[in-house]
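Printed here is protein.pdb (PDB, C-alpha atoms):
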ATOM      1  CA  MET A   5      53.714  -1.001 -13.029
ATOM      2  CA  THR A   6      56.600   1.129 -11.772
ATOM      3  CA  LYS A   7      56.877   4.819 -12.594
ATOM      4  CA  ASP A   8      60.188   4.332 -14.379
ATOM      5  CA  ARG A   9      58.286   2.571 -17.208
ATOM      6  CA  ILE A  10      56.263   5.721 -17.960
ATOM      7  CA  ALA A  11      57.770   7.998 -20.603
ATOM      8  CA  SER A  12      54.958  10.564 -20.789
ATOM      9  CA  VAL A  13      51.351  11.223 -19.810
ATOM     10  CA  ALA A  14      49.003  13.431 -21.824
ATOM     11  CA  PRO A  15      45.264  14.136 -21.671
ATOM     12  CA  LEU A  16      43.216  13.244 -24.747
ATOM     13  CA  ALA A  17      40.544  15.652 -25.916
ATOM     14  CA  GLY A  18      37.509  15.002 -28.077
ATOM     15  CA  GLY A  19      35.245  13.225 -25.627
ATOM     16  CA  THR A  20      32.519  14.778 -23.523
ATOM     17  CA  PHE A  21      32.036  12.104 -20.872
ATOM     18  CA  ASN A  22      35.090  10.288 -19.488
ATOM     19  CA  THR A  23      38.461  11.671 -18.503
ATOM     20  CA  VAL A  24      40.855  10.060 -20.997
ATOM     21  CA  THR A  25      44.646   9.956 -20.704
ATOM     22  CA  ARG A  26      47.300   8.550 -23.027
ATOM     23  CA  VAL A  27      50.240   6.928 -21.245
ATOM     24  CA  SER A  28      53.370   6.326 -23.325
ATOM     25  CA  LEU A  29      55.763   3.710 -21.965
ATOM     26  CA  THR A  30      59.518   3.447 -22.285
ATOM     27  CA  ASP A  31      59.166   0.270 -24.365
ATOM     28  CA  GLY A  32      57.380   2.266 -27.096
ATOM     29  CA  SER A  33      53.856   1.045 -26.349
ATOM     30  CA  ASP A  34      50.938   3.302 -25.518
ATOM     31  CA  TRP A  35      48.029   2.847 -23.149
ATOM     32  CA  VAL A  36      44.757   4.717 -22.857
ATOM     33  CA  VAL A  37      43.232   5.171 -19.405
ATOM     34  CA  LYS A  38      39.564   6.062 -18.969
ATOM     35  CA  ILE A  39      37.993   7.306 -15.753
ATOM     36  CA  PRO A  40      34.270   8.103 -15.660
ATOM     37  CA  PRO A  41      32.822  11.211 -14.023
ATOM     38  CA  PRO A  42      31.266  11.027 -10.554
ATOM     39  CA  THR A  43      27.806   9.474 -10.514
ATOM     40  CA  THR A  44      26.414  11.737  -7.817
ATOM     41  CA  ASP A  45      26.791  15.219  -9.271
ATOM     42  CA  GLY A  46      23.603  15.276 -11.362
ATOM     43  CA  THR A  47      25.349  15.237 -14.730
ATOM     44  CA  LEU A  48      24.381  11.752 -15.893
ATOM     45  CA  MET A  49      21.516  10.575 -18.020
ATOM     46  CA  SER A  50      19.765   7.395 -16.952
ATOM     47  CA  TYR A  51      21.485   5.108 -19.448
ATOM     48  CA  GLU A  52      24.964   6.464 -18.652
ATOM     49  CA  ARG A  53      25.426   4.669 -15.344
ATOM     50  CA  ASP A  54      28.384   2.247 -15.414
ATOM     51  CA  LEU A  55      29.202   2.925 -19.070
ATOM     52  CA  LEU A  56      32.638   1.354 -18.677
ATOM     53  CA  VAL A  57      30.884  -2.012 -18.306
ATOM     54  CA  ASN A  58      29.482  -1.514 -21.799
ATOM     55  CA  GLU A  59      32.842  -0.472 -23.204
ATOM     56  CA  VAL A  60      34.689  -3.489 -21.831
ATOM     57  CA  GLU A  61      31.956  -5.764 -23.171
ATOM     58  CA  PHE A  62      32.168  -4.193 -26.615
ATOM     59  CA  TYR A  63      35.922  -4.680 -26.950
ATOM     60  CA  SER A  64      35.786  -8.177 -25.487
ATOM     61  CA  CYS A  65      32.987  -9.299 -27.814
ATOM     62  CA  ALA A  66      34.270  -7.531 -30.933
ATOM     63  CA  GLY A  67      37.345  -9.762 -30.774
ATOM     64  CA  ASP A  68      38.939 -10.249 -34.174
ATOM     65  CA  SER A  69      35.982  -8.791 -36.080
ATOM     66  CA  ALA A  70      37.440  -5.274 -35.945
ATOM     67  CA  ALA A  71      40.512  -3.326 -34.899
ATOM     68  CA  VAL A  72      39.533  -2.355 -31.369
ATOM     69  CA  PRO A  73      41.572  -1.674 -28.232
ATOM     70  CA  ARG A  74      42.607  -4.597 -26.046
ATOM     71  CA  VAL A  75      41.465  -4.257 -22.451
ATOM     72  CA  LEU A  76      44.615  -4.604 -20.336
ATOM     73  CA  HIS A  77      43.074  -4.042 -16.930
ATOM     74  CA  SER A  78      39.817  -2.717 -15.575
ATOM     75  CA  GLU A  79      38.013  -2.019 -12.366
ATOM     76  CA  LEU A  80      34.294  -1.725 -12.988
ATOM     77  CA  ASP A  81      33.012  -1.621  -9.415
ATOM     78  CA  PRO A  82      32.054   1.988  -8.615
ATOM     79  CA  ASP A  83      32.546   1.244  -4.921
ATOM     80  CA  ALA A  84      36.129   0.042  -5.334
ATOM     81  CA  PRO A  85      38.776   2.071  -3.451
ATOM     82  CA  THR A  86      40.232   3.290  -6.741
ATOM     83  CA  GLY A  87      36.841   3.939  -8.311
ATOM     84  CA  PRO A  88      36.067   2.525 -11.776
ATOM     85  CA  TYR A  89      38.591   2.765 -14.599
ATOM     86  CA  VAL A  90      39.774   0.878 -17.648
ATOM     87  CA  ILE A  91      43.260   0.620 -19.140
ATOM     88  CA  MET A  92      43.452  -0.403 -22.782
ATOM     89  CA  SER A  93      45.898  -0.523 -25.640
ATOM     90  CA  ALA A  94      46.042   2.467 -27.978
ATOM     91  CA  CYS A  95      44.992   1.897 -31.579
ATOM     92  CA  PRO A  96      47.080   3.474 -34.338
ATOM     93  CA  GLY A  97      45.945   6.424 -36.374
ATOM     94  CA  ARG A  98      44.099   9.703 -36.073
ATOM     95  CA  PRO A  99      40.356  10.335 -35.926
ATOM     96  CA  TRP A 100      38.878  10.239 -39.414
ATOM     97  CA  TYR A 101      37.074  13.485 -38.595
ATOM     98  CA  ASP A 102      40.412  15.259 -38.153
ATOM     99  CA  ILE A 103      41.730  14.338 -41.588
ATOM    100  CA  SER A 104      38.561  14.471 -43.655
ATOM    101  CA  GLY A 105      36.833  17.425 -45.231
ATOM    102  CA  ALA A 106      34.541  17.594 -42.204
ATOM    103  CA  ALA A 107      37.224  19.022 -39.947
ATOM    104  CA  GLY A 108      40.030  20.837 -41.661
ATOM    105  CA  ASP A 109      43.084  18.941 -42.907
ATOM    106  CA  ARG A 110      41.258  17.719 -46.024
ATOM    107  CA  VAL A 111      44.026  15.277 -46.861
ATOM    108  CA  LEU A 112      41.826  12.430 -48.088
ATOM    109  CA  SER A 113      41.198  12.192 -51.804
ATOM    110  CA  ASP A 114      37.725  11.263 -52.971
ATOM    111  CA  ALA A 115      39.010   7.880 -54.110
ATOM    112  CA  GLU A 116      40.595   7.126 -50.742
ATOM    113  CA  GLU A 117      37.519   8.318 -48.865
ATOM    114  CA  ARG A 118      35.369   5.943 -50.925
ATOM    115  CA  ARG A 119      37.748   3.055 -50.358
ATOM    116  CA  LEU A 120      37.743   3.673 -46.616
ATOM    117  CA  ARG A 121      33.931   3.805 -46.579
ATOM    118  CA  ASN A 122      33.895   0.415 -48.286
ATOM    119  CA  GLU A 123      36.382  -0.991 -45.784
ATOM    120  CA  LEU A 124      34.327   0.422 -42.932
ATOM    121  CA  GLY A 125      31.225  -1.275 -44.309
ATOM    122  CA  ARG A 126      32.961  -4.659 -44.229
ATOM    123  CA  ILE A 127      34.170  -4.073 -40.667
ATOM    124  CA  VAL A 128      30.756  -2.999 -39.381
ATOM    125  CA  ALA A 129      29.132  -6.029 -41.018
ATOM    126  CA  ARG A 130      31.543  -8.277 -39.106
ATOM    127  CA  LEU A 131      30.746  -6.469 -35.861
ATOM    128  CA  HIS A 132      27.052  -7.001 -36.503
ATOM    129  CA  SER A 133      27.603 -10.720 -36.980
ATOM    130  CA  VAL A 134      28.437 -11.007 -33.269
ATOM    131  CA  THR A 135      25.402 -12.225 -31.338
ATOM    132  CA  GLY A 136      24.775 -11.632 -27.651
ATOM    133  CA  THR A 137      23.738 -14.452 -25.386
ATOM    134  CA  GLY A 138      22.150 -12.530 -22.534
ATOM    135  CA  GLY A 139      19.274 -10.653 -24.164
ATOM    136  CA  PHE A 140      18.733  -7.150 -25.532
ATOM    137  CA  GLY A 141      19.763  -3.757 -24.190
ATOM    138  CA  TYR A 142      22.682  -2.173 -22.327
ATOM    139  CA  PRO A 143      24.856  -4.815 -20.610
ATOM    140  CA  ALA A 144      25.634  -2.468 -17.713
ATOM    141  CA  GLY A 145      22.021  -2.831 -16.606
ATOM    142  CA  ALA A 146      21.519   0.899 -16.121
ATOM    143  CA  LEU A 147      17.907   0.555 -17.295
ATOM    144  CA  GLY A 148      17.300  -2.850 -15.761
ATOM    145  CA  PRO A 149      18.252  -6.417 -16.669
ATOM    146  CA  PRO A 150      18.576  -7.532 -20.298
ATOM    147  CA  ALA A 151      15.209  -7.813 -22.009
ATOM    148  CA  PRO A 152      13.980 -10.937 -23.796
ATOM    149  CA  THR A 153      12.829  -8.901 -26.819
ATOM    150  CA  TRP A 154      14.210  -5.919 -28.678
ATOM    151  CA  ARG A 155      10.865  -4.177 -28.448
ATOM    152  CA  GLN A 156      10.985  -4.298 -24.647
ATOM    153  CA  ALA A 157      14.595  -3.131 -24.542
ATOM    154  CA  PHE A 158      14.124  -0.214 -26.940
ATOM    155  CA  THR A 159      10.937   0.889 -25.193
ATOM    156  CA  ALA A 160      12.878   1.054 -21.914
ATOM    157  CA  MET A 161      15.642   3.033 -23.641
ATOM    158  CA  THR A 162      13.315   5.628 -25.163
ATOM    159  CA  ASP A 163      11.208   5.882 -22.006
ATOM    160  CA  ALA A 164      14.374   6.597 -20.022
ATOM    161  CA  VAL A 165      15.622   9.396 -22.274
ATOM    162  CA  LEU A 166      12.171  10.991 -22.345
ATOM    163  CA  ALA A 167      12.000  10.780 -18.544
ATOM    164  CA  ASP A 168      15.378  12.529 -18.486
ATOM    165  CA  ALA A 169      13.955  15.189 -20.795
ATOM    166  CA  ASP A 170      11.210  15.826 -18.259
ATOM    167  CA  THR A 171      13.639  15.785 -15.321
ATOM    168  CA  TYR A 172      16.053  18.242 -16.922
ATOM    169  CA  ARG A 173      13.341  20.263 -18.691
ATOM    170  CA  ALA A 174      15.140  19.832 -21.970
ATOM    171  CA  ARG A 175      13.913  21.653 -25.031
ATOM    172  CA  LEU A 176      12.268  19.316 -27.559
ATOM    173  CA  PRO A 177      10.371  20.068 -30.777
ATOM    174  CA  ARG A 178       7.299  18.284 -29.379
ATOM    175  CA  PRO A 179       6.058  17.416 -25.875
ATOM    176  CA  ALA A 180       7.756  14.333 -24.456
ATOM    177  CA  ALA A 181       4.393  12.643 -23.950
ATOM    178  CA  ASP A 182       3.547  13.017 -27.644
ATOM    179  CA  ILE A 183       6.915  11.607 -28.687
ATOM    180  CA  ARG A 184       6.484   8.669 -26.316
ATOM    181  CA  ALA A 185       3.048   7.901 -27.749
ATOM    182  CA  LEU A 186       4.318   8.042 -31.337
ATOM    183  CA  ILE A 187       7.232   5.711 -30.619
ATOM    184  CA  ALA A 188       4.901   3.317 -28.819
ATOM    185  CA  ALA A 189       2.574   3.277 -31.819
ATOM    186  CA  ALA A 190       5.473   2.301 -34.077
ATOM    187  CA  SER A 191       7.067  -0.194 -31.680
ATOM    188  CA  PRO A 192       5.433  -3.372 -33.113
ATOM    189  CA  VAL A 193       7.928  -3.139 -36.007
ATOM    190  CA  LEU A 194      10.697  -3.873 -33.501
ATOM    191  CA  GLY A 195       9.360  -7.416 -33.314
ATOM    192  CA  ASP A 196      11.082  -7.964 -36.666
ATOM    193  CA  VAL A 197      14.392  -8.003 -34.764
ATOM    194  CA  THR A 198      14.973 -11.385 -33.149
ATOM    195  CA  ARG A 199      18.776 -11.544 -32.796
ATOM    196  CA  PRO A 200      20.698  -9.313 -30.321
ATOM    197  CA  ALA A 201      23.550  -8.038 -32.489
ATOM    198  CA  LEU A 202      26.593  -6.104 -31.285
ATOM    199  CA  VAL A 203      25.772  -2.421 -31.879
ATOM    200  CA  HIS A 204      28.344   0.340 -31.245
ATOM    201  CA  PHE A 205      25.843   3.219 -31.711
ATOM    202  CA  ASP A 206      28.503   5.947 -31.794
ATOM    203  CA  LEU A 207      30.277   5.313 -35.093
ATOM    204  CA  TRP A 208      30.736   8.923 -36.123
ATOM    205  CA  GLN A 209      34.116   9.792 -37.644
ATOM    206  CA  GLY A 210      35.549  11.005 -34.341
ATOM    207  CA  ASN A 211      35.508   7.388 -33.098
ATOM    208  CA  LEU A 212      37.047   5.904 -36.259
ATOM    209  CA  LEU A 213      40.832   6.015 -36.462
ATOM    210  CA  VAL A 214      42.549   6.139 -39.854
ATOM    211  CA  ASP A 215      46.150   4.989 -40.148
ATOM    212  CA  GLY A 216      48.798   4.765 -42.873
ATOM    213  CA  GLU A 217      50.328   6.805 -45.634
ATOM    214  CA  PRO A 218      48.342   8.722 -48.272
ATOM    215  CA  GLY A 219      46.873   6.357 -50.807
ATOM    216  CA  ALA A 220      47.285   3.366 -48.497
ATOM    217  CA  ARG A 221      45.300   4.375 -45.459
ATOM    218  CA  THR A 222      43.239   1.822 -43.529
ATOM    219  CA  ILE A 223      40.878   1.811 -40.568
ATOM    220  CA  GLY A 224      43.293   1.723 -37.644
ATOM    221  CA  GLY A 225      40.720   1.299 -34.918
ATOM    222  CA  ILE A 226      37.181   1.703 -33.642
ATOM    223  CA  ILE A 227      37.143   3.322 -30.226
ATOM    224  CA  ASP A 228      34.753   4.609 -27.542
ATOM    225  CA  GLY A 229      32.463   1.590 -27.365
ATOM    226  CA  GLU A 230      30.860   2.765 -24.134
ATOM    227  CA  ARG A 231      27.430   3.417 -25.656
ATOM    228  CA  MET A 232      27.099  -0.039 -27.182
ATOM    229  CA  PHE A 233      24.082  -2.259 -26.697
ATOM    230  CA  TRP A 234      22.761  -5.586 -27.903
ATOM    231  CA  GLY A 235      20.031  -4.888 -30.413
ATOM    232  CA  ASP A 236      19.153  -4.127 -34.007
ATOM    233  CA  PRO A 237      22.215  -3.634 -36.255
ATOM    234  CA  VAL A 238      20.231  -1.071 -38.278
ATOM    235  CA  ALA A 239      20.641   1.279 -35.292
ATOM    236  CA  ASP A 240      24.324   1.769 -36.138
ATOM    237  CA  PHE A 241      23.428   3.384 -39.459
ATOM    238  CA  VAL A 242      22.311   6.561 -37.689
ATOM    239  CA  SER A 243      25.754   7.647 -36.471
ATOM    240  CA  LEU A 244      27.433   6.189 -39.559
ATOM    241  CA  ALA A 245      25.459   8.704 -41.627
ATOM    242  CA  LEU A 246      24.879  11.406 -39.028
ATOM    243  CA  PHE A 247      22.368  13.974 -40.354
ATOM    244  CA  ALA A 248      22.500  12.233 -43.744
ATOM    245  CA  ASN A 249      20.783   9.375 -45.578
ATOM    246  CA  VAL A 250      22.716   6.114 -45.277
ATOM    247  CA  GLU A 251      20.920   4.786 -48.357
ATOM    248  CA  GLU A 252      22.991   7.230 -50.411
ATOM    249  CA  ASP A 253      26.308   5.901 -49.064
ATOM    250  CA  GLU A 254      26.907   3.413 -51.878
ATOM    251  CA  ASP A 255      30.507   2.625 -50.919
ATOM    252  CA  PHE A 256      29.705   1.818 -47.303
ATOM    253  CA  LEU A 257      26.674  -0.279 -48.249
ATOM    254  CA  ALA A 258      28.654  -2.213 -50.875
ATOM    255  CA  GLY A 259      31.252  -3.076 -48.248
ATOM    256  CA  TYR A 260      28.565  -3.919 -45.712
ATOM    257  CA  GLY A 261      26.895  -6.300 -48.145
ATOM    258  CA  SER A 262      30.142  -8.058 -49.037
ATOM    259  CA  GLY A 263      31.117  -8.328 -45.370
ATOM    260  CA  SER A 264      27.833  -9.834 -44.217
ATOM    261  CA  GLY A 265      27.417 -13.557 -43.831
ATOM    262  CA  SER A 266      25.041 -13.738 -46.783
ATOM    263  CA  GLY A 267      27.126 -11.528 -49.042
ATOM    264  CA  GLN A 268      23.892  -9.865 -50.102
ATOM    265  CA  PRO A 269      23.147  -6.127 -49.974
ATOM    266  CA  LEU A 270      20.925  -4.783 -47.232
ATOM    267  CA  VAL A 271      17.371  -4.245 -48.460
ATOM    268  CA  PHE A 272      15.823  -1.008 -47.195
ATOM    269  CA  ASP A 273      12.264  -2.266 -46.971
ATOM    270  CA  ALA A 274       9.439  -0.627 -45.012
ATOM    271  CA  SER A 275      10.486  -2.325 -41.769
ATOM    272  CA  VAL A 276      14.117  -1.228 -42.004
ATOM    273  CA  ARG A 277      13.188   2.357 -42.855
ATOM    274  CA  LEU A 278      10.730   2.664 -39.971
ATOM    275  CA  ARG A 279      13.190   1.158 -37.521
ATOM    276  CA  LEU A 280      15.894   3.512 -38.790
ATOM    277  CA  ALA A 281      13.572   6.477 -38.195
ATOM    278  CA  LEU A 282      12.976   5.280 -34.621
ATOM    279  CA  TYR A 283      16.708   5.036 -33.950
ATOM    280  CA  ARG A 284      17.235   8.494 -35.379
ATOM    281  CA  CYS A 285      14.631   9.726 -32.897
ATOM    282  CA  TYR A 286      16.480   8.029 -30.063
ATOM    283  CA  LEU A 287      19.913   9.408 -30.921
ATOM    284  CA  TYR A 288      18.656  12.934 -31.550
ATOM    285  CA  LEU A 289      16.728  12.865 -28.280
ATOM    286  CA  ILE A 290      19.943  11.947 -26.468
ATOM    287  CA  MET A 291      21.859  14.720 -28.224
ATOM    288  CA  LEU A 292      19.289  17.326 -27.183
ATOM    289  CA  VAL A 293      18.674  16.143 -23.631
ATOM    290  CA  GLU A 294      22.307  15.593 -22.635
ATOM    291  CA  THR A 295      23.114  19.281 -23.163
ATOM    292  CA  VAL A 296      21.274  20.115 -19.942
ATOM    293  CA  PRO A 297      23.052  17.837 -17.432
ATOM    294  CA  ARG A 298      26.334  18.571 -19.269
ATOM    295  CA  ARG A 299      25.700  22.265 -18.517
ATOM    296  CA  VAL A 300      27.010  23.288 -21.929
ATOM    297  CA  PRO A 301      27.482  27.000 -22.666
ATOM    298  CA  GLN A 302      24.509  28.816 -24.167
ATOM    299  CA  GLU A 303      26.267  29.323 -27.486
ATOM    300  CA  HIS A 304      26.850  25.592 -27.856
ATOM    301  CA  LEU A 305      23.326  24.871 -26.647
ATOM    302  CA  ASP A 306      21.914  27.107 -29.385
ATOM    303  CA  GLN A 307      24.079  25.400 -31.993
ATOM    304  CA  VAL A 308      22.949  21.914 -30.943
ATOM    305  CA  TRP A 309      19.321  23.000 -31.102
ATOM    306  CA  LYS A 310      19.823  24.509 -34.547
ATOM    307  CA  GLU A 311      21.447  21.318 -35.878
ATOM    308  CA  VAL A 312      19.601  18.568 -34.007
ATOM    309  CA  GLY A 313      16.121  19.971 -33.376
ATOM    310  CA  PRO A 314      15.103  19.877 -37.068
ATOM    311  CA  GLN A 315      16.653  16.431 -37.446
ATOM    312  CA  LEU A 316      14.518  15.076 -34.608
ATOM    313  CA  GLU A 317      11.405  16.669 -36.069
ATOM    314  CA  SER A 318      12.235  15.122 -39.446
ATOM    315  CA  ALA A 319      12.670  11.682 -37.878
ATOM    316  CA  LEU A 320       9.374  11.989 -36.016
ATOM    317  CA  ALA A 321       7.663  12.990 -39.247
ATOM    318  CA  ASP A 322       9.163   9.943 -40.970
ATOM    319  CA  VAL A 323       7.734   7.697 -38.251
ATOM    320  CA  GLU A 324       4.313   9.292 -38.716
ATOM    321  CA  ALA A 325       4.501   8.885 -42.489
ATOM    322  CA  ALA A 326       5.476   5.242 -42.180
ATOM    323  CA  LEU A 327       2.615   4.549 -39.795
ATOM    324  CA  GLY A 328       0.232   6.335 -42.140
ATOM    325  CA  ALA A 329       1.391   4.193 -45.036
ATOM    326  CA  ARG A 330       0.639   1.068 -43.011
ATOM    327  CA  ASP A 331      -2.942   2.082 -42.225
TER
END

Could you render the structure from this file as structure tokens?
Amino acid sequence: MTKDRIASVAPLAGGTFNTVTRVSLTDGSDWVVKIPPPTTDGTLMSYERDLLVNEVEFYSCAGDSAAVPRVLHSELDPDAPTGPYVIMSACPGRPWYDISGAAGDRVLSDAEERRLRNELGRIVARLHSVTGTGGFGYPAGALGPPAPTWRQAFTAMTDAVLADADTYRARLPRPAADIRALIAAASPVLGDVTRPALVHFDLWQGNLLVDGEPGARTIGGIIDGERMFWGDPVADFVSLALFANVEEDEDFLAGYGSGSGSGQPLVFDASVRLRLALYRCYLYLIMLVETVPRRVPQEHLDQVWKEVGPQLESALADVEAALGARD
């Protein structure tokens, strides 16, 4: 591409990992360029190696099931002369977080918020209908090759983040060894998952774009698929209801049920609830541990601990309660 096709270049904020740039072209189209941080400066967690491989896989496999960016060009080899990068189309809209009551504009009515939650449920159900063919886990292979079972894959994922906690001396509400033992005790429930579904695992409102005029807004795009894996679709419910109870999100669950292949609502039985507690543990562990290699300021570190520490303790307690109920 020649420089005379570029109208403007602007950095995009909001992420904490990649360097992201929006490139506007003279023909009116927009591209998004992602470049990962160096892999040798001690700022990565174990699972974060080659995350662009995951992102490209997510967009490629999501296909027509959701509004996601189209990958226009990518270089995924970290040893390439240019280094790794991905160029993708820009999805329309603004982050839901920016226009909802969570952030500040507060321009969504309750009725529109509920309608969007229902639409999101249908979209996520379609994403979860996509089945991987290569096994469970992160496709980039940061934690090893794909696993034949979800239990093996998730054990490797939790072991890795707890090893990172030890390496970085991250603050946790319980010793890492105790958390590892508790997760291992609950891991037989993961045998209930036999199909590797497409899981985004970062579906908070900052990664959901909302487009359109008031009263007619739609989901314009799902972005930042770099933390995807092949696994249990229930895992996506953690970020979809971050620090909340997804069972109370009636609009999302109604859409999810109607968008699933069976058309039936999801049943939150003992297996689903225990698995959901395990995935909450995993996400909250990541959120606590990553603050150390990210070298976040002390003020932000204190805020993360205040918000996430009790959530992790609550999730661990839920795992214990579920195991106790099974005895």

Spatial neighbours of Asp68 in chain A, max dist 12 Å, all atoms listed in the file, sep filter under 5 positions, as a count of residues only: 10

Compare A:Val193, A:Ala321, A:Val242, A:Leu176 by their minimum atom-to-atom distance to Trp309 in chain A, counting all atoms listed in the file, and give me the closest one.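 Closest residue, counting all atoms listed in the file: A:Leu176.
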
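Once the PyMOL selection byres ((chain A and resi 80-96) around 7) is applied to the shown structure, the selection contains Asp34, Trp35, Val36, Val37, Lys38, Ile39, Pro40, Leu56, Val57, Val72, Pro73, Arg74, Val75, Leu76, His77, Ser78, Glu79, Gly97, Asp215, Gly224 and Gly225 of chain A.
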
Top pick for closest residue to Cys285 in chain A, considering A:His132, A:Arg121, A:Arg184, A:Lys7 and counting only C-alpha atoms: A:Arg184

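One distance worth recording is that between CA of Glu317 in chain A and CA of Ala188 in chain A, which is 16.5 Å.
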
Considering all atoms listed in the file, can you say which of A:Cys65, A:Asn122, A:Arg53, A:Leu16 comes closest to Gly148 in chain A?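 Looking at the shortest contact to Gly148 in chain A, the residue is A:Arg53.
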
Distance query range 196-213 of chain A at most 8 Å, all atoms listed in the file, self and fewer than 3 positions along chain excluded, as a count of residues only: 47

Do a neighbour search on range 324-327 of chain A at 7 Å with all atoms listed in the file, toss out local chain neighbours closer than 3 positions, and write the hits as a list in words. Ala190, Leu278, Leu320, Ala321, Arg330 and Asp331 of chain A
